[in-house]
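Engineer: Submitted below is the structure of interest, expressed as structure tokens.
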Amino acid sequence: MKAGEMTKPTLKALFVAGGLLGTWLAVTPSDTTPGRSRIAAAERPAAIRESTADNLVSQEARLRDHAGSVPLASSKRNPFRFGSRKPDGVVPQQGSAAPVIAAAPPAPPRPDLNFLGVAESKTPQGTRRTAIISGGGQLYLVTEGEPVAGRYRVVTIDSDAVTLRDDSGTDLRLSLK
């Protein structure tokens with residue numbers, strides 16, 4: 001070995017020592033007087049608490065003054081009866097009746113299906129994706145065109161979502177959470 005050459009162990013030791021020195025310099029506290037900063041920190045919360053309490057008392061007084069000047073209207077509503085009939089004093093209008101609009105049939109409830117992930121495998125025809133879907137206590141490993149939960153068929157499988165089609169033609173898109 002020639003003079004002035006460094007070996008790998010020497011370079012590693014210098015690298016570690018430099019990292020330790022840099023860390024020590026980065027976390028060394030600044031030149032503040034420790035006693036003075038402790039006193040200032042101890043005085044601040046008391047001053048904040050005192051000003052907050054004074055503010056709270058003045059806000060309470062303003063609220064009481066305002067509440068005393070506003071007259072309250074009597075209510076005929078009974079808060080202890082849910083869905084109770086209208087008060088007796090209200091008479092429904094009989095002159096014009098609103099047209100009755102037929103309510104649309106409710107949409108079927110959204111199935112309890114969760115898209116858990118995608119598995120990909122390389123085939124001679126290209127990449128084949130398999131969607132992993134759970135729902136109704138079942139785990140489905142399906143590819144495009146296969147049925148799910150007896151009601152849906154897989155339309156497309158993306159890397160972060162799967163599209164299912166209902167028997168009625170409605171699409172449902174499940175995304176990774």
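In the structure tokens, chains take the letters A, B, ... in the order shown, each chain's residues start at 1, and ligands count up from 1 in the order shown.
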I want to know what sits within 9 Å of Thr156 (chain A), based on only C-alpha atoms, with residues of the same chain fewer than 3 positions away left out; could you give that as a ChimeraX atom specification?

Structural biologist: /A:143-145,161-164

Engineer: Suppose you want the space between CA of Gly83 (chain A) and CA of Pro105 (chain A); what is it in Å?

Structural biologist: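 Here the two named atoms are 24.1 Å from each other.
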
Engineer: With DSSP run on the backbone, what are the strand (DSSP E) residues within region 96-177 of chain A? I'd like them as a PyMOL selection string.

Structural biologist: chain A and resi 113-123+126-135+138-142+147-148+152-157+161-166+171-175

Engineer: State, in Å with one decimal place, the distance from CA of Trp24 (chain A) to CA of Glu5 (chain A).

Structural biologist: 28.4 Å

Engineer: A:Ala103, A:Leu14, A:Leu139, A:Leu172: which is nearest Arg153 (chain A), counting only C-alpha atoms?

Structural biologist: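 Of A:Ala103, A:Leu14, A:Leu139, A:Leu172, the one nearest Arg153 (chain A), counting only C-alpha atoms, is A:Leu172.
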
Engineer: Out of A:Ala53, A:Ala131, A:Ala17, A:Val154, which residue has the shortest atom-to-atom distance to Asp167 (chain A) when counting only C-alpha atoms?

Structural biologist: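 Of A:Ala53, A:Ala131, A:Ala17, A:Val154, the one nearest Asp167 (chain A) is A:Val154, counting only C-alpha atoms.
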